$ cat structure_10.cif   # mmCIF, C-alpha atoms
data_run
#
loop_
_atom_site.label_atom_id
_atom_site.label_comp_id
_atom_site.auth_asym_id
_atom_site.auth_seq_id
_atom_site.Cartn_x
_atom_site.Cartn_y
_atom_site.Cartn_z
CA MET A 1 -74.01 168.70 74.89
CA LYS A 2 -73.02 170.63 71.79
CA PRO A 3 -70.71 168.59 69.54
CA ALA A 4 -67.19 169.91 69.18
CA GLY A 5 -66.31 171.64 65.92
CA PRO A 6 -63.42 170.65 63.70
CA GLN A 7 -60.11 170.60 65.52
CA ARG A 8 -57.21 172.72 64.31
CA ALA A 9 -55.04 170.87 61.82
CA ARG A 10 -51.64 170.36 63.37
CA SER A 11 -49.69 168.40 60.75
CA ALA A 12 -48.91 169.49 57.19
CA ALA A 13 -51.05 166.66 55.82
CA ALA A 14 -53.96 167.59 58.04
CA LYS A 15 -53.64 171.25 57.00
CA GLN A 16 -53.71 170.30 53.31
CA GLN A 17 -56.75 168.14 53.90
CA ARG A 18 -58.56 170.98 55.68
CA GLU A 19 -57.65 173.38 52.86
CA ARG A 20 -59.09 170.90 50.37
CA VAL A 21 -62.35 170.74 52.29
CA ILE A 22 -62.55 174.54 52.30
CA LEU A 23 -61.83 174.77 48.57
CA ASP A 24 -64.41 172.13 47.71
CA ALA A 25 -67.03 173.91 49.79
CA ALA A 26 -66.27 177.24 48.11
CA ARG A 27 -66.44 175.59 44.69
CA SER A 28 -69.86 174.08 45.41
CA LEU A 29 -71.28 177.33 46.75
CA ALA A 30 -69.96 179.38 43.82
CA ALA A 31 -71.36 176.87 41.32
CA GLU A 32 -74.79 177.16 42.94
CA ARG A 33 -74.77 180.97 43.08
CA SER A 34 -71.85 182.96 41.68
CA VAL A 35 -68.41 183.85 42.97
CA ARG A 36 -69.39 187.37 44.00
CA GLU A 37 -72.32 186.15 46.10
CA VAL A 38 -70.33 183.73 48.29
CA THR A 39 -68.96 185.17 51.53
CA LEU A 40 -66.31 183.86 53.90
CA THR A 41 -69.09 183.30 56.44
CA ASP A 42 -70.93 181.10 53.91
CA ILE A 43 -67.84 178.97 53.36
CA ALA A 44 -67.13 178.72 57.09
CA ALA A 45 -70.69 177.55 57.76
CA ALA A 46 -70.45 174.95 54.99
CA VAL A 47 -67.37 173.36 56.56
CA GLY A 48 -68.49 173.81 60.17
CA MET A 49 -65.80 176.30 61.17
CA HIS A 50 -65.84 179.76 62.69
CA LYS A 51 -64.89 182.47 60.23
CA SER A 52 -61.84 183.48 62.26
CA ALA A 53 -60.58 179.87 62.17
CA MET A 54 -60.68 179.95 58.36
CA LEU A 55 -57.91 182.53 58.40
CA ARG A 56 -55.46 179.90 59.61
CA TYR A 57 -55.70 178.32 56.16
CA PHE A 58 -56.42 181.22 53.78
CA GLU A 59 -55.62 184.86 54.39
CA THR A 60 -58.85 186.13 52.77
CA ARG A 61 -61.96 184.92 50.96
CA GLU A 62 -60.32 186.07 47.74
CA GLN A 63 -57.34 183.77 48.26
CA ILE A 64 -59.71 180.80 48.37
CA PHE A 65 -61.18 181.70 45.01
CA LEU A 66 -57.78 182.61 43.57
CA ALA A 67 -56.64 179.07 44.43
CA LEU A 68 -59.72 177.72 42.63
CA THR A 69 -58.87 179.89 39.62
CA ALA A 70 -55.36 178.39 39.49
CA GLU A 71 -56.88 174.89 39.63
CA GLY A 72 -59.24 175.91 36.84
CA TRP A 73 -56.35 176.97 34.63
CA ARG A 74 -54.60 173.64 35.14
CA GLU A 75 -57.72 171.64 34.38
CA TRP A 76 -58.69 173.73 31.33
CA SER A 77 -55.15 173.65 29.94
CA THR A 78 -55.13 169.85 29.97
CA ALA A 79 -58.62 169.61 28.49
CA VAL A 80 -58.19 172.13 25.66
CA ARG A 81 -54.85 170.67 24.57
CA GLY A 82 -56.42 167.24 24.35
CA ARG A 83 -59.39 168.63 22.43
CA LEU A 84 -57.21 170.47 19.91
CA ALA A 85 -54.96 167.45 19.37
CA ASP A 86 -58.01 165.36 18.42
CA LEU A 87 -59.41 167.77 15.82
CA PRO A 88 -59.61 166.26 12.33
CA HIS A 89 -59.21 169.66 10.64
CA LEU A 90 -57.34 172.74 11.84
CA THR A 91 -59.35 175.48 10.12
CA PRO A 92 -60.08 178.75 11.97
CA ASP A 93 -63.75 177.99 12.59
CA VAL A 94 -63.09 174.46 13.87
CA VAL A 95 -60.28 175.57 16.19
CA ALA A 96 -62.33 178.52 17.44
CA ALA A 97 -65.34 176.31 18.16
CA ALA A 98 -63.21 173.82 20.10
CA ILE A 99 -61.64 176.49 22.28
CA ALA A 100 -64.97 178.23 22.93
CA GLU A 101 -66.68 174.95 23.79
CA SER A 102 -63.89 174.00 26.21
CA LEU A 103 -64.40 177.25 28.12
CA VAL A 104 -68.20 177.38 28.16
CA ALA A 105 -68.25 173.80 29.47
CA ARG A 106 -66.61 175.22 32.64
CA PRO A 107 -69.01 177.89 33.96
CA LEU A 108 -67.26 178.44 37.28
CA PHE A 109 -63.92 178.89 35.51
CA CYS A 110 -65.50 181.51 33.22
CA ASP A 111 -66.83 183.33 36.28
CA LEU A 112 -63.43 183.18 37.97
CA LEU A 113 -61.63 184.42 34.85
CA ALA A 114 -63.46 187.73 35.19
CA GLN A 115 -63.23 187.94 38.98
CA ALA A 116 -59.50 187.22 39.26
CA PRO A 117 -58.04 190.46 37.81
CA LEU A 118 -60.91 192.68 38.98
CA ASN A 119 -61.25 191.52 42.58
CA LEU A 120 -59.40 188.41 43.69
CA GLU A 121 -55.84 189.54 43.01
CA ARG A 122 -56.50 192.87 44.74
CA ASN A 123 -57.29 191.51 48.19
CA VAL A 124 -54.48 189.04 48.80
CA SER A 125 -50.80 189.39 49.64
CA LEU A 126 -48.23 189.95 46.91
CA ASP A 127 -46.83 186.50 47.69
CA ALA A 128 -50.23 184.98 46.93
CA VAL A 129 -50.45 186.93 43.66
CA TYR A 130 -46.96 185.77 42.68
CA GLU A 131 -47.83 182.13 43.35
CA PHE A 132 -51.04 182.45 41.35
CA LYS A 133 -49.40 184.19 38.40
CA THR A 134 -46.58 181.67 38.11
CA ILE A 135 -49.13 178.85 37.89
CA VAL A 136 -51.22 180.67 35.27
CA LEU A 137 -48.24 181.70 33.15
CA ALA A 138 -46.95 178.12 33.16
CA GLU A 139 -50.30 176.89 31.84
CA VAL A 140 -50.44 179.67 29.25
CA ALA A 141 -46.96 178.65 28.06
CA THR A 142 -48.08 175.03 27.76
CA VAL A 143 -51.17 175.89 25.70
CA THR A 144 -49.10 178.33 23.62
CA ALA A 145 -46.63 175.59 22.76
CA GLU A 146 -49.49 173.29 21.74
CA LEU A 147 -51.05 175.93 19.47
CA ARG A 148 -47.70 176.65 17.86
CA GLN A 149 -47.06 172.95 17.31
CA LEU A 150 -50.49 172.23 15.84
CA LEU A 151 -51.15 175.42 13.88
CA GLY A 152 -47.65 176.59 13.00
CA ILE A 153 -48.33 180.12 14.30
CA THR A 154 -45.99 182.46 16.15
CA GLU A 155 -45.67 182.63 19.91
CA HIS A 156 -47.26 186.09 19.98
CA ALA A 157 -50.18 184.93 17.83
CA ALA A 158 -50.77 181.91 20.06
CA GLY A 159 -50.64 184.14 23.12
CA ASP A 160 -53.19 186.47 21.55
CA VAL A 161 -55.54 183.54 20.95
CA ILE A 162 -55.30 182.39 24.58
CA SER A 163 -55.66 185.85 26.12
CA THR A 164 -58.58 186.72 23.85
CA ALA A 165 -60.34 183.43 24.51
CA THR A 166 -60.02 183.54 28.29
CA SER A 167 -60.63 187.26 28.79
CA MET A 168 -63.65 187.27 26.49
CA ALA A 169 -65.03 184.12 28.09
CA GLY A 170 -64.91 185.85 31.46
CA ALA A 171 -66.41 189.11 30.20
CA LEU A 172 -69.17 187.46 28.14
CA TRP A 173 -70.09 185.20 31.06
CA GLN A 174 -70.67 188.26 33.26
CA MET A 175 -72.78 189.91 30.55
CA ALA A 176 -74.78 186.73 29.99
CA ALA A 177 -75.57 186.52 33.74
CA PRO A 178 -76.87 182.93 33.48
CA GLY A 179 -79.31 181.79 36.16
CA THR A 180 -79.83 185.29 37.54
CA SER A 181 -82.78 187.68 37.74
CA LEU A 182 -80.94 189.90 35.26
CA ARG A 183 -80.99 187.13 32.67
CA THR A 184 -84.71 186.64 33.25
CA LEU A 185 -85.28 190.37 32.77
CA TYR A 186 -83.34 190.40 29.50
CA GLU A 187 -85.19 187.38 28.15
CA THR A 188 -88.70 188.54 29.11
CA ARG A 189 -88.48 192.15 27.91
CA PRO A 190 -88.46 192.44 24.09
CA ASP A 191 -86.90 195.90 24.28
CA LEU A 192 -83.89 194.37 26.07
CA ALA A 193 -83.37 191.53 23.60
CA HIS A 194 -80.05 193.03 22.53
CA ALA A 195 -78.75 192.46 26.08
CA VAL A 196 -79.16 188.69 25.85
CA VAL A 197 -75.68 187.20 25.39
CA ASP A 198 -75.21 183.62 24.21
CA VAL A 199 -71.61 183.03 25.20
CA GLN A 200 -70.52 180.05 23.09
CA PRO A 201 -71.57 181.24 19.60
CA GLN A 202 -70.38 184.79 20.27
CA LEU A 203 -67.03 183.63 21.60
CA THR A 204 -66.71 181.28 18.62
CA ARG A 205 -67.30 184.14 16.19
CA ILE A 206 -64.71 186.34 17.92
CA LEU A 207 -62.06 183.61 17.90
CA THR A 208 -62.85 182.66 14.30
CA ALA A 209 -62.27 186.27 13.23
CA LEU A 210 -58.98 186.40 15.15
CA LEU A 211 -57.73 183.07 13.79
CA THR A 212 -58.78 184.02 10.26
CA GLY A 213 -56.74 187.21 10.56
CA ILE A 214 -53.76 185.25 11.83
CA SER A 215 -54.23 182.85 8.92
CA ALA A 216 -54.23 185.72 6.41
CA THR A 217 -51.08 187.14 7.96
CA MET A 218 -49.42 183.75 7.70
CA MET A 219 -50.16 183.54 3.99
CA THR A 220 -48.82 186.99 3.15
CA SER A 221 -45.85 187.32 5.49
CA GLY A 222 -44.98 183.71 6.20
CA PRO A 223 -44.37 183.84 9.99
CA PHE A 224 -45.10 180.12 10.14
CA LEU A 225 -41.84 179.41 8.31
CA SER A 226 -38.53 178.87 10.04
CA ALA A 227 -35.78 181.44 9.46
CA GLU A 228 -34.05 178.97 7.11
CA ALA A 229 -37.23 178.47 5.13
CA ARG A 230 -37.90 182.20 4.85
CA SER A 231 -34.38 182.74 3.54
CA ALA A 232 -34.95 180.03 0.96
CA VAL A 233 -38.24 181.57 -0.12
CA VAL A 234 -36.68 185.04 -0.39
CA ALA A 235 -33.92 183.59 -2.54
CA ASP A 236 -36.52 182.06 -4.83
CA LEU A 237 -38.56 185.27 -5.01
CA ASP A 238 -35.77 187.74 -5.79
CA GLU A 239 -37.00 187.74 -9.36
CA VAL A 240 -39.98 186.44 -11.25
CA PRO A 241 -39.22 182.73 -11.63
CA SER A 242 -39.48 180.98 -14.93
CA GLY A 243 -41.99 178.21 -15.46
CA VAL A 244 -44.78 179.79 -13.34
CA PRO A 245 -47.77 180.47 -15.62
CA ASP A 246 -49.62 183.81 -15.77
CA VAL A 247 -47.02 185.75 -13.81
CA ASP A 248 -45.57 189.05 -14.95
CA ALA A 249 -43.71 191.93 -13.37
CA GLU A 250 -46.93 193.75 -12.47
CA ASP A 251 -48.19 190.70 -10.54
CA TRP A 252 -44.90 190.53 -8.70
CA SER A 253 -44.70 194.21 -7.76
CA GLY A 254 -48.36 194.19 -6.67
CA GLY A 255 -47.59 191.51 -4.16
CA SER A 256 -50.98 189.78 -4.38
CA SER A 257 -51.49 187.14 -1.70
CA ALA A 258 -52.59 184.61 -4.33
CA PHE A 259 -49.40 185.11 -6.28
CA HIS A 260 -47.19 184.95 -3.23
CA GLY A 261 -49.12 181.90 -2.11
CA ARG A 262 -48.19 180.13 -5.35
CA LEU A 263 -44.56 181.05 -4.86
CA LEU A 264 -44.54 179.95 -1.24
CA ARG A 265 -46.09 176.66 -2.26
CA ARG A 266 -43.44 176.26 -4.97
CA ALA A 267 -40.57 177.01 -2.58
CA LEU A 268 -41.86 174.74 0.16
CA GLY A 269 -42.75 172.03 -2.33
CA ASP A 270 -39.10 171.86 -3.33
CA ARG A 271 -38.01 171.88 0.32
CA PRO A 272 -40.27 169.57 2.35
CA ALA A 273 -37.81 169.55 5.25
CA LEU A 274 -38.40 173.28 5.71
CA ARG A 275 -42.14 173.05 6.34
CA SER A 276 -43.58 173.96 9.72
CA PRO A 277 -42.89 171.17 12.23
CA GLY A 278 -46.53 171.12 13.38
CA ARG A 279 -48.87 168.17 13.02
CA ALA A 280 -50.42 169.67 9.91
CA GLY A 281 -46.99 170.08 8.32
CA ARG A 282 -46.14 166.46 9.04
CA GLU A 283 -49.39 165.36 7.43
CA GLY A 284 -48.90 167.12 4.14
CA GLY A 285 -48.66 170.87 4.69
CA GLU A 286 -52.24 171.76 5.69
CA HIS A 287 -51.74 174.70 8.05
CA LEU A 288 -54.32 176.69 9.95
CA SER A 289 -55.54 178.38 6.80
CA GLY A 290 -55.71 175.19 4.77
CA ASP A 291 -53.72 174.90 1.54
CA LEU A 292 -52.01 178.01 0.27
CA PRO A 293 -53.98 179.64 -2.56
CA THR A 294 -53.30 178.51 -6.08
#

$ encode --input "structure_10.cif" --output "structure tokens"
Amino acid sequence: MKPAGPQRARSAAAKQQRERVILDAARSLAAERSVREVTLTDIAAAVGMHKSAMLRYFETREQIFLALTAEGWREWSTAVRGRLADLPHLTPDVVAAAIAESLVARPLFCDLLAQAPLNLERNVSLDAVYEFKTIVLAEVATVTAELRQLLGITEHAAGDVISTATSMAGALWQMAAPGTSLRTLYETRPDLAHAVVDVQPQLTRILTALLTGISATMMTSGPFLSAEARSAVVADLDEVPSGVPDVDAEDWSGGSSAFHGRLLRRALGDRPALRSPGRAGREGGEHLSGDLPT
């Protein structure tokens, strides 16, 4: 006699348990292959259900993977914030390497990051998209707050770092095509060597360039200062101050970053309470770019 298949979950707890089984099966299959190669039939077979029965728990295959993407955002958010908080130095290259490493260590999440906007969000209900987006935006806000606290950068700059890191991780992962016949082709044909993508170092270089640009902007325009601190600096810089060596009117009007850096250091040095509230500021004023130029 053929054994009976799984019975329909009738309580809320039983439904959640069945959904968890389905999600875990989809995660395992996608990790073995790739997200695009896993069908609803594959997932149903893995959990011992008929495909039509799966629709009692998820409206489409894409909703299953969208739920896994939301879980990935939560897990990565926690991990990257912990990694950044433990860094001994907050220079652009170190921060970039930490963020890139945190993403590459999660291959399925990188795959999902590319699939979500291209495919997953387009084959679910608007309610499912809304639920997914609210989860993602909450995690983005949490990581943004951590970057602002640690690096003393603006909200927009922190958002740019997160969006660049996650979107490029997804895109580079698709181009790298790890574990596929495409990757083998790229690696075995010398004339296709340019197509071989090594995700972590390339993502690190991209993020280092972005963070270095943010750092340069911070030094010349001072967005890392509070409004009170900027007002104090402007008051100090209305005219060439006395007692600063090698400064003349031409230096001032030219607005060199080195000169302005000296003046910013002078103004902040006299007003320690006005420094950025980030960890670096509390530990002596070493911001993302390191010490201001002298």

$ residues_around --input "structure_10.cif" --residues "stretch 64-69 of chain A" --least-positions-apart "4" --cutoff "9 Å" --atoms "only C-alpha atoms" --output "list in words"
Glu19, Ile22, Leu23, Asp24, Ala26, Arg27, Val35, Phe58, Glu59, Thr60, Trp73, Arg74, Leu108, Phe109, Leu112, Leu113, Gln115, Ala116, Leu120, Glu121, Val124, Ala128, Val129, Phe132 and Val136 of chain A

$ residues_around --input "structure_10.cif" --residues "A:Pro107" --least-positions-apart "5" --cutoff "12 Å" --atoms "only C-alpha atoms" --output "NGL selection string"
:A and (27 or 30-35 or 69 or 72 or 76 or 100-102 or 112-114 or 169-170 or 172-174 or 176-179 or 199-200)

$ closest_residue --input "structure_10.cif" --among "A:Thr78, A:Thr212, A:Ser167, A:Gln202" --to "A:Pro117" --atoms "only C-alpha atoms"
A:Ser167

$ axis_aligned_box --input "structure_10.cif" --around "stretch 97-106 of chain A" --padding-each-side "5 Å" --output "lines of an AutoDock Vina configuration file"
center_x = -64.9
center_y = 176.0
center_z = 25.4
size_x = 16.6
size_y = 14.4
size_z = 24.5

$ resolve_selection --input "structure_10.cif" --expression "the PyMOL selection byres ((chain A and resi 94) around 12)" --output "VMD selection string"
chain A and resid 83 to 84 86 to 93 95 to 101 151 204 to 205 207 to 209 211 to 212 288 to 290

$ atom_distance --input "structure_10.cif" --atom1 "atom CA of A:Ala45" --atom2 "atom CA of A:Arg61"
13.3 Å

$ resolve_selection --input "structure_10.cif" --expression "the PyMOL selection byres ((chain A and resi 195) around 12)" --output "list in words"
Leu172, Gln174, Met175, Ala176, Ala177, Leu182, Arg183, Thr184, Leu185, Tyr186, Glu187, Thr188, Arg189, Pro190, Asp191, Leu192, Ala193, His194, Val196, Val197, Asp198 and Val199 of chain A

$ write_last_selection --input "structure_10.cif" --atoms "C-alpha atoms" --output "PDB file, in the coordinates of the input"
ATOM      1  CA  LEU A 172     -69.170 187.460  28.140  1.00  0.00           C
ATOM      2  CA  GLN A 174     -70.670 188.260  33.260  1.00  0.00           C
ATOM      3  CA  MET A 175     -72.780 189.910  30.550  1.00  0.00           C
ATOM      4  CA  ALA A 176     -74.780 186.730  29.990  1.00  0.00           C
ATOM      5  CA  ALA A 177     -75.570 186.520  33.740  1.00  0.00           C
ATOM      6  CA  LEU A 182     -80.940 189.900  35.260  1.00  0.00           C
ATOM      7  CA  ARG A 183     -80.990 187.130  32.670  1.00  0.00           C
ATOM      8  CA  THR A 184     -84.710 186.640  33.250  1.00  0.00           C
ATOM      9  CA  LEU A 185     -85.280 190.370  32.770  1.00  0.00           C
ATOM     10  CA  TYR A 186     -83.340 190.400  29.500  1.00  0.00           C
ATOM     11  CA  GLU A 187     -85.190 187.380  28.150  1.00  0.00           C
ATOM     12  CA  THR A 188     -88.700 188.540  29.110  1.00  0.00           C
ATOM     13  CA  ARG A 189     -88.480 192.150  27.910  1.00  0.00           C
ATOM     14  CA  PRO A 190     -88.460 192.440  24.090  1.00  0.00           C
ATOM     15  CA  ASP A 191     -86.900 195.900  24.280  1.00  0.00           C
ATOM     16  CA  LEU A 192     -83.890 194.370  26.070  1.00  0.00           C
ATOM     17  CA  ALA A 193     -83.370 191.530  23.600  1.00  0.00           C
ATOM     18  CA  HIS A 194     -80.050 193.030  22.530  1.00  0.00           C
ATOM     19  CA  VAL A 196     -79.160 188.690  25.850  1.00  0.00           C
ATOM     20  CA  VAL A 197     -75.680 187.200  25.390  1.00  0.00           C
ATOM     21  CA  ASP A 198     -75.210 183.620  24.210  1.00  0.00           C
ATOM     22  CA  VAL A 199     -71.610 183.030  25.200  1.00  0.00           C
TER      23      VAL A 199
END

$ atom_distance --input "structure_10.cif" --atom1 "atom CA of A:Ala145" --atom2 "atom CA of A:Glu75"
16.5 Å

$ atom_distance --input "structure_10.cif" --atom1 "atom CA of A:Ala165" --atom2 "atom CA of A:Val38"
25.8 Å

$ residues_around --input "structure_10.cif" --residues "A:Leu40" --least-positions-apart "3" --cutoff "7 Å" --atoms "all atoms listed in the file" --output "NGL selection string"
:A and (43-44 or 51 or 61)

$ closest_residue --input "structure_10.cif" --among "A:Glu37, A:Asn123, A:Glu139, A:Arg81" --to "A:Thr180" --atoms "only C-alpha atoms"
A:Glu37

$ closest_residue --input "structure_10.cif" --among "A:Arg36, A:Arg18, A:Arg106, A:Arg148" --to "A:Gly48" --atoms "only C-alpha atoms"
A:Arg18

$ residues_around --input "structure_10.cif" --residues "A:Val140" --least-positions-apart "3" --cutoff "8 Å" --atoms "all atoms listed in the file" --output "PyMOL selection string"
chain A and resi 77+136-137+143-144+159+162

$ closest_residue --input "structure_10.cif" --among "A:Val80, A:Ala46, A:Ala105, A:Leu55" --to "A:Glu146" --atoms "all atoms listed in the file"
A:Val80

$ build_atoms --input "structure_10.cif" --residues "stretch 144-176 of chain A" --atoms "N, CA and C atoms" --output "short mmCIF file (atom, residue, chain, number, x, y, z; two decimals), in the coordinates of the input"
data_model
loop_
_atom_site.label_atom_id
_atom_site.label_comp_id
_atom_site.auth_asym_id
_atom_site.auth_seq_id
_atom_site.Cartn_x
_atom_site.Cartn_y
_atom_site.Cartn_z
N THR A 144 -49.77 177.63 24.72
CA THR A 144 -49.10 178.33 23.62
C THR A 144 -48.25 177.38 22.80
N ALA A 145 -47.48 176.55 23.47
CA ALA A 145 -46.63 175.59 22.76
C ALA A 145 -47.48 174.63 21.94
N GLU A 146 -48.62 174.22 22.48
CA GLU A 146 -49.49 173.29 21.74
C GLU A 146 -50.07 173.96 20.50
N LEU A 147 -50.51 175.21 20.63
CA LEU A 147 -51.05 175.93 19.47
C LEU A 147 -49.98 176.13 18.41
N ARG A 148 -48.78 176.46 18.83
CA ARG A 148 -47.70 176.65 17.86
C ARG A 148 -47.38 175.34 17.14
N GLN A 149 -47.37 174.25 17.90
CA GLN A 149 -47.06 172.95 17.31
C GLN A 149 -48.13 172.51 16.31
N LEU A 150 -49.39 172.71 16.68
CA LEU A 150 -50.49 172.23 15.84
C LEU A 150 -50.77 173.15 14.66
N LEU A 151 -50.71 174.47 14.90
CA LEU A 151 -51.15 175.42 13.88
C LEU A 151 -50.00 176.08 13.13
N GLY A 152 -48.78 175.96 13.67
CA GLY A 152 -47.65 176.59 13.00
C GLY A 152 -47.67 178.10 13.09
N ILE A 153 -48.26 178.66 14.15
CA ILE A 153 -48.33 180.12 14.30
C ILE A 153 -47.23 180.60 15.25
N THR A 154 -47.04 181.90 15.31
CA THR A 154 -45.99 182.46 16.15
C THR A 154 -46.39 182.42 17.62
N GLU A 155 -45.41 182.61 18.47
CA GLU A 155 -45.67 182.63 19.91
C GLU A 155 -46.61 183.76 20.29
N HIS A 156 -46.39 184.95 19.68
CA HIS A 156 -47.26 186.09 19.98
C HIS A 156 -48.68 185.82 19.51
N ALA A 157 -48.83 185.23 18.35
CA ALA A 157 -50.18 184.93 17.83
C ALA A 157 -50.89 183.93 18.73
N ALA A 158 -50.17 182.90 19.16
CA ALA A 158 -50.77 181.91 20.06
C ALA A 158 -51.16 182.55 21.38
N GLY A 159 -50.32 183.44 21.89
CA GLY A 159 -50.64 184.14 23.12
C GLY A 159 -51.87 185.01 22.98
N ASP A 160 -52.01 185.65 21.81
CA ASP A 160 -53.19 186.47 21.55
C ASP A 160 -54.46 185.62 21.55
N VAL A 161 -54.37 184.43 20.98
CA VAL A 161 -55.54 183.54 20.95
C VAL A 161 -55.96 183.17 22.37
N ILE A 162 -54.99 182.81 23.21
CA ILE A 162 -55.30 182.39 24.58
C ILE A 162 -55.85 183.56 25.39
N SER A 163 -55.20 184.71 25.32
CA SER A 163 -55.66 185.85 26.12
C SER A 163 -57.03 186.33 25.66
N THR A 164 -57.27 186.32 24.35
CA THR A 164 -58.58 186.72 23.85
C THR A 164 -59.65 185.73 24.28
N ALA A 165 -59.36 184.45 24.15
CA ALA A 165 -60.34 183.43 24.51
C ALA A 165 -60.72 183.50 25.98
N THR A 166 -59.73 183.58 26.86
CA THR A 166 -60.02 183.54 28.29
C THR A 166 -60.60 184.85 28.80
N SER A 167 -60.09 185.98 28.32
CA SER A 167 -60.63 187.26 28.79
C SER A 167 -62.04 187.48 28.28
N MET A 168 -62.31 187.11 27.03
CA MET A 168 -63.65 187.27 26.49
C MET A 168 -64.63 186.28 27.10
N ALA A 169 -64.16 185.08 27.42
CA ALA A 169 -65.03 184.12 28.09
C ALA A 169 -65.49 184.67 29.43
N GLY A 170 -64.55 185.27 30.18
CA GLY A 170 -64.91 185.85 31.46
C GLY A 170 -65.86 187.03 31.32
N ALA A 171 -65.57 187.92 30.38
CA ALA A 171 -66.41 189.11 30.20
C ALA A 171 -67.81 188.73 29.69
N LEU A 172 -67.87 187.86 28.69
CA LEU A 172 -69.17 187.46 28.14
C LEU A 172 -70.00 186.72 29.17
N TRP A 173 -69.35 185.93 30.03
CA TRP A 173 -70.09 185.20 31.06
C TRP A 173 -70.77 186.17 32.02
N GLN A 174 -70.06 187.26 32.38
CA GLN A 174 -70.67 188.26 33.26
C GLN A 174 -71.84 188.96 32.56
N MET A 175 -71.70 189.25 31.29
CA MET A 175 -72.78 189.91 30.55
C MET A 175 -73.98 188.98 30.36
N ALA A 176 -73.69 187.70 30.18
CA ALA A 176 -74.78 186.73 29.99
C ALA A 176 -75.58 186.54 31.27
#
